[in-house]
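Just run.csv here, CSV, C-alpha atoms and all ligand atoms:
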```
chain,number,residue,atom,x,y,z
A,1,MET,CA,12.1,3.1,8.7
A,2,ARG,CA,12.5,4.8,12.1
A,3,LEU,CA,11.0,1.8,13.9
A,4,SER,CA,13.7,-0.6,12.8
A,5,HIS,CA,16.4,2.0,13.5
A,6,ASP,CA,15.3,2.5,17.1
A,7,ILE,CA,15.1,-1.2,17.9
A,8,THR,CA,18.3,-2.2,16.2
A,9,SER,CA,20.4,0.5,17.8
A,10,ALA,CA,19.2,-0.8,21.2
A,11,CYS,CA,20.2,-4.3,20.2
A,12,PRO,CA,22.7,-4.5,17.4
A,13,SER,CA,22.7,-8.2,17.1
A,14,ILE,CA,19.1,-8.2,15.9
A,15,ARG,CA,19.9,-5.9,13.0
A,16,ARG,CA,22.7,-8.2,11.8
A,17,GLY,CA,20.5,-11.2,12.2
A,18,LYS,CA,17.7,-9.5,10.2
A,19,ASP,CA,19.6,-7.9,7.3
A,20,SER,CA,22.3,-10.3,6.4
A,21,PRO,CA,22.7,-14.1,6.4
A,22,SER,CA,21.0,-14.5,9.7
A,23,GLU,CA,23.1,-15.8,12.6
A,24,LEU,CA,19.8,-16.3,14.5
A,25,GLU,CA,18.4,-18.4,11.7
A,26,GLN,CA,21.6,-20.4,11.5
A,27,GLY,CA,21.0,-21.4,15.1
A,28,ASN,CA,24.1,-19.5,16.3
A,29,ASN,CA,23.3,-17.8,19.5
A,30,GLU,CA,26.5,-16.0,19.8
A,31,PRO,CA,25.3,-12.6,18.7
A,32,LEU,CA,22.7,-12.5,21.4
A,33,LYS,CA,25.4,-12.1,24.0
A,34,GLU,CA,26.5,-8.8,22.4
A,35,GLY,CA,26.0,-5.3,23.7
A,36,GLY,CA,23.0,-4.5,25.9
A,37,CYS,CA,21.2,-7.7,24.9
A,38,ILE,CA,23.1,-10.0,27.2
A,39,ALA,CA,21.4,-8.6,30.3
A,40,ASN,CA,18.1,-10.2,29.2
A,41,GLY,CA,19.5,-13.7,29.1
A,42,GLY,CA,19.4,-16.0,26.1
A,43,LYS,CA,16.0,-17.6,26.0
A,44,ALA,CA,13.9,-14.5,26.8
A,45,MET,CA,16.0,-12.6,24.3
A,46,ARG,CA,15.5,-15.1,21.6
A,47,ARG,CA,11.8,-14.8,22.0
A,48,THR,CA,12.0,-11.0,22.0
A,49,ALA,CA,14.1,-11.1,18.9
A,50,PHE,CA,11.5,-13.3,17.2
A,51,LEU,CA,8.7,-11.0,18.2
A,52,LEU,CA,10.6,-7.9,17.0
A,53,GLY,CA,11.4,-9.7,13.8
A,54,ALA,CA,7.7,-10.4,13.3
A,55,VAL,CA,6.8,-6.8,14.1
A,56,LEU,CA,9.4,-5.6,11.6
A,57,ILE,CA,8.1,-7.9,8.9
A,58,VAL,CA,4.5,-6.7,9.5
A,59,ALA,CA,5.7,-3.1,9.5
A,60,GLY,CA,7.6,-3.7,6.3
A,61,VAL,CA,4.6,-5.2,4.6
A,62,VAL,CA,2.4,-2.2,5.6
A,63,VAL,CA,5.0,0.3,4.4
A,64,SER,CA,5.4,-1.5,1.0
A,65,ALA,CA,1.6,-1.7,0.6
A,66,ALA,CA,1.4,2.1,0.7
A,67,PRO,CA,0.1,3.7,-2.6
A,68,ALA,CA,2.9,3.8,-5.2
A,69,ALA,CA,1.7,7.1,-6.8
A,70,GLY,CA,2.7,9.2,-3.8
A,71,PRO,CA,6.0,10.9,-3.3
A,72,THR,CA,8.9,8.7,-2.7
A,73,ASP,CA,11.6,11.2,-2.2
A,74,GLU,CA,10.4,13.4,0.7
A,75,GLU,CA,9.0,11.7,3.8
A,76,GLY,CA,5.8,13.3,5.0
A,77,ALA,CA,5.1,15.4,1.9
A,78,ALA,CA,1.5,15.5,0.7
A,79,PRO,CA,0.9,13.3,-2.3
A,80,TYR,CA,0.9,14.9,-5.7
A,81,VAL,CA,0.3,14.1,-9.3
A,82,THR,CA,3.4,12.3,-10.7
A,83,THR,CA,2.1,11.0,-14.1
A,84,VAL,CA,0.6,13.0,-16.9
A,85,PRO,CA,-3.0,12.0,-17.4
A,86,THR,CA,-3.5,10.4,-20.8
A,87,GLY,CA,-5.4,12.2,-23.5
A,88,TYR,CA,-5.4,15.6,-21.8
A,89,ARG,CA,-4.7,17.4,-25.0
A,90,ASP,CA,-8.1,16.3,-26.3
A,91,TRP,CA,-10.1,17.5,-23.3
A,92,THR,CA,-12.7,20.2,-23.4
A,93,TRP,CA,-11.8,23.8,-23.5
A,94,VAL,CA,-12.9,25.8,-20.4
A,95,SER,CA,-11.2,29.2,-20.8
A,96,VAL,CA,-7.9,31.0,-21.3
A,97,ALA,CA,-5.8,33.1,-19.0
A,98,HIS,CA,-2.9,35.5,-19.7
A,99,GLU,CA,-0.4,36.2,-17.0
A,100,ALA,CA,1.9,39.1,-17.4
A,101,GLY,CA,4.7,40.0,-15.0
A,102,ASN,CA,7.5,37.4,-14.6
A,103,PHE,CA,5.4,34.6,-16.2
A,104,ASN,CA,4.4,36.4,-19.4
A,105,SER,CA,2.4,33.4,-20.3
A,106,ILE,CA,-0.8,32.5,-22.0
A,107,GLY,CA,-2.7,29.5,-20.8
A,108,ALA,CA,-5.5,27.3,-22.0
A,109,VAL,CA,-7.6,25.5,-19.3
A,110,LEU,CA,-9.0,22.2,-20.3
A,111,ALA,CA,-11.2,19.7,-18.4
A,112,ASN,CA,-11.9,16.0,-18.7
A,113,ASP,CA,-15.4,14.6,-19.1
A,114,VAL,CA,-16.1,14.4,-15.4
A,115,ALA,CA,-14.9,17.9,-14.7
A,116,ILE,CA,-16.6,19.5,-17.7
A,117,LYS,CA,-19.9,18.0,-16.7
A,118,ALA,CA,-19.6,19.5,-13.2
A,119,TYR,CA,-18.6,22.9,-14.7
A,120,ARG,CA,-21.6,23.0,-17.1
A,121,GLU,CA,-24.0,21.9,-14.4
A,122,GLY,CA,-22.5,24.4,-12.0
A,123,LYS,CA,-22.0,21.5,-9.5
A,124,LEU,CA,-19.7,22.0,-6.5
A,125,PRO,CA,-17.6,20.4,-5.2
A,126,PHE,CA,-16.1,18.8,-8.3
A,127,PRO,CA,-16.6,15.0,-8.1
A,128,ASP,CA,-13.7,12.5,-7.7
A,129,GLY,CA,-12.2,11.8,-11.1
A,130,SER,CA,-12.4,15.4,-12.2
A,131,ILE,CA,-9.1,16.6,-13.8
A,132,ILE,CA,-8.4,20.2,-14.9
A,133,ALA,CA,-5.4,21.0,-17.0
A,134,ALA,CA,-3.7,24.3,-17.5
A,135,LEU,CA,-1.5,24.3,-20.6
A,136,HIS,CA,1.0,27.2,-20.5
A,137,TYR,CA,2.9,28.9,-23.3
A,138,LYS,CA,5.0,32.0,-23.7
A,139,HIS,CA,2.8,35.0,-24.6
A,140,THR,CA,4.5,35.9,-27.8
A,141,ALA,CA,4.0,38.7,-30.3
A,142,SER,CA,3.2,37.2,-33.8
A,143,GLU,CA,5.2,39.0,-36.5
A,144,GLU,CA,3.5,37.1,-39.2
A,145,ASN,CA,0.0,38.1,-38.0
A,146,ASP,CA,1.1,41.7,-37.3
A,147,LYS,CA,2.1,42.0,-41.0
A,148,VAL,CA,-1.4,41.6,-42.2
A,149,PHE,CA,-2.7,44.0,-39.6
A,150,GLY,CA,0.0,46.5,-40.5
A,151,GLN,CA,0.8,47.2,-36.8
A,152,PRO,CA,1.9,45.2,-33.7
A,153,GLN,CA,-1.2,43.8,-32.2
A,154,SER,CA,-1.3,40.0,-32.3
A,155,PHE,CA,-0.1,37.8,-29.5
A,156,VAL,CA,-0.2,34.0,-29.6
A,157,ALA,CA,0.9,30.9,-27.8
A,158,GLY,CA,4.6,30.6,-28.2
A,159,GLU,CA,7.0,28.0,-26.8
A,160,PRO,CA,5.2,25.6,-24.4
A,161,THR,CA,6.5,26.2,-20.8
A,162,ASN,CA,4.6,23.7,-18.6
A,163,VAL,CA,1.4,21.8,-18.1
A,164,GLN,CA,-0.3,21.8,-14.7
A,165,PHE,CA,-3.0,19.6,-13.4
A,166,MET,CA,-5.5,19.5,-10.6
A,167,TRP,CA,-6.8,15.9,-10.1
A,168,LYS,CA,-9.7,15.4,-7.7
A,169,ASP,CA,-9.5,12.4,-5.4
A,170,SER,CA,-10.9,13.3,-2.1
A,171,LYS,CA,-9.3,10.4,-0.2
A,172,LYS,CA,-5.8,10.3,-1.8
A,173,TYR,CA,-5.3,14.0,-1.8
A,174,ALA,CA,-7.2,14.8,1.4
A,175,ALA,CA,-4.2,16.8,2.7
A,176,THR,CA,-4.5,19.3,-0.2
A,177,GLY,CA,-8.2,19.9,-0.2
A,178,GLY,CA,-9.0,16.8,-2.2
A,179,TRP,CA,-7.0,18.0,-5.2
A,180,GLY,CA,-3.7,16.5,-6.3
A,181,PHE,CA,-1.5,19.1,-7.9
A,182,GLY,CA,0.9,18.4,-10.7
A,183,HIS,CA,3.4,20.4,-12.7
A,184,PHE,CA,5.2,19.0,-15.8
A,185,VAL,CA,7.9,20.3,-18.0
A,186,ASP,CA,8.6,18.2,-21.1
A,187,GLY,CA,6.6,15.4,-19.4
A,188,LYS,CA,8.8,15.4,-16.3
A,189,PRO,CA,7.1,16.0,-12.9
A,190,ALA,CA,8.1,18.7,-10.5
A,191,ASP,CA,9.0,17.5,-7.0
A,192,ALA,CA,7.1,18.0,-3.7
A,193,ALA,CA,9.0,21.2,-2.7
A,194,PHE,CA,8.0,22.8,-6.0
A,195,LEU,CA,4.4,21.8,-5.6
A,196,LYS,CA,4.1,23.0,-2.0
A,197,PRO,CA,2.8,26.5,-2.8
A,198,CYS,CA,0.0,25.3,-5.1
A,199,PHE,CA,-2.5,24.3,-2.4
A,200,PRO,CA,-2.2,27.3,-0.1
A,201,CYS,CA,-2.8,29.7,-3.0
A,202,HIS,CA,-5.6,27.7,-4.5
A,203,ALA,CA,-7.1,27.3,-1.0
A,204,GLN,CA,-8.0,31.0,-1.2
A,205,MET,CA,-10.6,30.1,-3.8
A,206,LYS,CA,-12.5,27.8,-1.3
A,207,ALA,CA,-15.8,29.1,-2.4
A,208,ARG,CA,-15.3,27.5,-5.8
A,209,ASP,CA,-13.7,24.3,-4.6
A,210,LEU,CA,-10.2,25.7,-5.1
A,211,VAL,CA,-10.7,26.3,-8.9
A,212,PHE,CA,-10.1,29.8,-10.2
A,213,THR,CA,-11.0,29.5,-13.8
A,214,ARG,CA,-14.6,30.1,-14.7
A,215,TYR,CA,-16.3,28.4,-17.5
A,216,ALA,CA,-16.3,30.6,-20.6
A,217,PRO,CA,-19.5,30.1,-22.6
B,301,LIG,C1,-0.1,32.6,-6.1
B,301,LIG,C2,-1.3,31.8,-6.4
B,301,LIG,C3,-1.1,30.5,-7.2
B,301,LIG,C4,-0.2,29.5,-7.0
B,301,LIG,C5,1.0,29.4,-6.1
B,301,LIG,C6,-0.6,28.4,-8.0
B,301,LIG,N1,-1.7,28.8,-8.7
B,301,LIG,FE1,-2.6,27.6,-10.0
B,301,LIG,N2,-3.8,29.2,-10.5
B,301,LIG,C7,-3.8,30.5,-9.9
B,301,LIG,C8,-4.7,31.3,-10.6
B,301,LIG,C9,-5.1,32.8,-10.2
B,301,LIG,C10,-5.3,30.6,-11.6
B,301,LIG,C11,-6.3,31.1,-12.7
B,301,LIG,C12,-5.7,31.2,-14.0
B,301,LIG,C13,-4.5,32.1,-14.2
B,301,LIG,O1,-4.5,33.2,-13.6
B,301,LIG,O2,-3.5,31.6,-14.7
B,301,LIG,C14,-4.7,29.3,-11.5
B,301,LIG,C15,-5.1,28.2,-12.4
B,301,LIG,C16,-4.6,26.9,-12.2
B,301,LIG,C17,-5.2,25.8,-12.9
B,301,LIG,C18,-6.5,25.8,-13.8
B,301,LIG,C19,-7.7,25.5,-12.8
B,301,LIG,C20,-8.0,26.8,-12.0
B,301,LIG,O3,-7.9,26.7,-10.7
B,301,LIG,O4,-8.3,27.8,-12.5
B,301,LIG,C21,-4.4,24.7,-12.5
B,301,LIG,C22,-4.6,23.3,-13.0
B,301,LIG,C23,-3.4,25.2,-11.6
B,301,LIG,N3,-3.6,26.5,-11.5
B,301,LIG,C24,-2.4,24.4,-11.1
B,301,LIG,C25,-1.5,24.9,-10.2
B,301,LIG,C26,-0.3,24.1,-9.8
B,301,LIG,C27,0.0,22.7,-10.1
B,301,LIG,C28,0.4,25.0,-9.0
B,301,LIG,C29,1.7,24.7,-8.2
B,301,LIG,C30,2.8,24.3,-9.1
B,301,LIG,C31,-0.3,26.2,-8.9
B,301,LIG,N4,-1.4,26.1,-9.7
B,301,LIG,C32,0.1,27.3,-8.1
B,301,LIG,C33,-3.1,30.8,-8.8
B,301,LIG,C34,-2.1,30.0,-8.3
```
With the file now loaded, output its structure as structure tokens.
Ligand code: HEC
Amino acid sequence: MRLSHDITSACPSIRRGKDSPSELEQGNNEPLKEGGCIANGGKAMRRTAFLLGAVLIVAGVVVSAAPAAGPTDEEGAAPYVTTVPTGYRDWTWVSVAHEAGNFNSIGAVLANDVAIKAYREGKLPFPDGSIIAALHYKHTASEENDKVFGQPQSFVAGEPTNVQFMWKDSKKYAATGGWGFGHFVDGKPADAAFLKPCFPCHAQMKARDLVFTRYAP
């Protein structure tokens, strides 16, 4: 916490008093005479130290009460989706998308009950609680299917590559258009740096609440 750092570097005795077996609490006033703190005199300083301690405790409580689901590794990063939503594999099919180029993937887009209702009713923006999943696989030629056709023409979902989510929570994910972005490989979440480009690109589809995939009838 930056707050505690600034204060304690101005008055080192407070840091020691706070972090380790406290000299202040033990009634030992010696540390108060250290460094720049001596200039303030004992009594005033004790009161200041007490107040600072109180501020630090309150600040600590506020910080530890912050939502646990947000990023913990990068300060200031927008919150993103860190856990795979349960049951997503059983959600309703919206459409498919094949991406060539470097990805060479085939993807199925699924939506949970809240999102599929909005899709079908053509309601925008998607309400809070909507989750849209994109299940990505290698776009793979199927030899066994090609055999029955007598020529190469069948492409299917090969190895799974990743699963991506967009989770609507207009408060929690306000910094990224109300959508939390998530990317998972083998159930493991990508970090904030990896997820940074998701929002700017999806933001280009503002007219459809950041969602590219159209509902396939
Ligand atoms: C360069 C633009 C771009 C970036 C960056 C991008 N996406 Fe997408 N995303 C798309 C497009 C276009 C689609 C439509 C389907 C397709 O082409 O695969 C899509 C589809 C999706 C979908 C299905 C819902 C929809 O909007 O169609 C999800 C979920 C998704 N992306 C999540 C993510 C996540 C998570 C990231 C970041 C790791 C990300 N996207 C990064 C362009 C992008």
Q | Close residues, Ala216 of chain A itself excluded, 9 Å, only C-alpha atoms, min 2 positions apart in chain, as a ChimeraX atom specification | A | /A:93-96,213-214
Q: For Gly178 of chain A, please output as an MDAnalysis selection string all residues within 9 Å (counting only C-alpha atoms; exclusion window: fewer than 3 positions along the same chain).
A: chainID A and resid 128 167:175
Q. Nearest to ligand LIG 301 (chain B): which of A:Lys138, A:Arg208, A:His183, A:Lys188 is it, counting all atoms listed in the file?
A. A:His183
Q: Using all atoms listed in the file, find each protein or nucleic acid residue lying at most 7 Å from ligand LIG 301 (chain B); present the set as a ChimeraX atom specification.
A: /A:97-99,107,109,132-134,164-166,181-183,194-199,201-202,210-213
For C-alpha atoms, I'd like the residues from the last selection saved as a short mmCIF file (atom, residue, chain, number, x, y, z; two decimals), in the coordinates of the input.
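Saved the output as result_21.cif:
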```cif
data_model
loop_
_atom_site.label_atom_id
_atom_site.label_comp_id
_atom_site.auth_asym_id
_atom_site.auth_seq_id
_atom_site.Cartn_x
_atom_site.Cartn_y
_atom_site.Cartn_z
CA ALA A 97 -5.80 33.10 -19.00
CA HIS A 98 -2.90 35.50 -19.70
CA GLU A 99 -0.40 36.20 -17.00
CA GLY A 107 -2.70 29.50 -20.80
CA VAL A 109 -7.60 25.50 -19.30
CA ILE A 132 -8.40 20.20 -14.90
CA ALA A 133 -5.40 21.00 -17.00
CA ALA A 134 -3.70 24.30 -17.50
CA GLN A 164 -0.30 21.80 -14.70
CA PHE A 165 -3.00 19.60 -13.40
CA MET A 166 -5.50 19.50 -10.60
CA PHE A 181 -1.50 19.10 -7.90
CA GLY A 182 0.90 18.40 -10.70
CA HIS A 183 3.40 20.40 -12.70
CA PHE A 194 8.00 22.80 -6.00
CA LEU A 195 4.40 21.80 -5.60
CA LYS A 196 4.10 23.00 -2.00
CA PRO A 197 2.80 26.50 -2.80
CA CYS A 198 0.00 25.30 -5.10
CA PHE A 199 -2.50 24.30 -2.40
CA CYS A 201 -2.80 29.70 -3.00
CA HIS A 202 -5.60 27.70 -4.50
CA LEU A 210 -10.20 25.70 -5.10
CA VAL A 211 -10.70 26.30 -8.90
CA PHE A 212 -10.10 29.80 -10.20
CA THR A 213 -11.00 29.50 -13.80
#
```
Q) Just how far from atom CA of Ala190 of chain A is atom CA of Ala78 of chain A, in Å to one decimal? A)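 Distance reported for this atom pair: 13.4 Å.
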Q: To one decimal in Å, tell me the separation between atom CA of Gln151 of chain A and atom CA of Leu135 of chain A.
A: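 The value is 28.1 Å.
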Q: Please indicate the distance in Å from atom CA of Glu121 of chain A to atom CA of Ser105 of chain A, rounded to one decimal place.
A: 29.4 Å
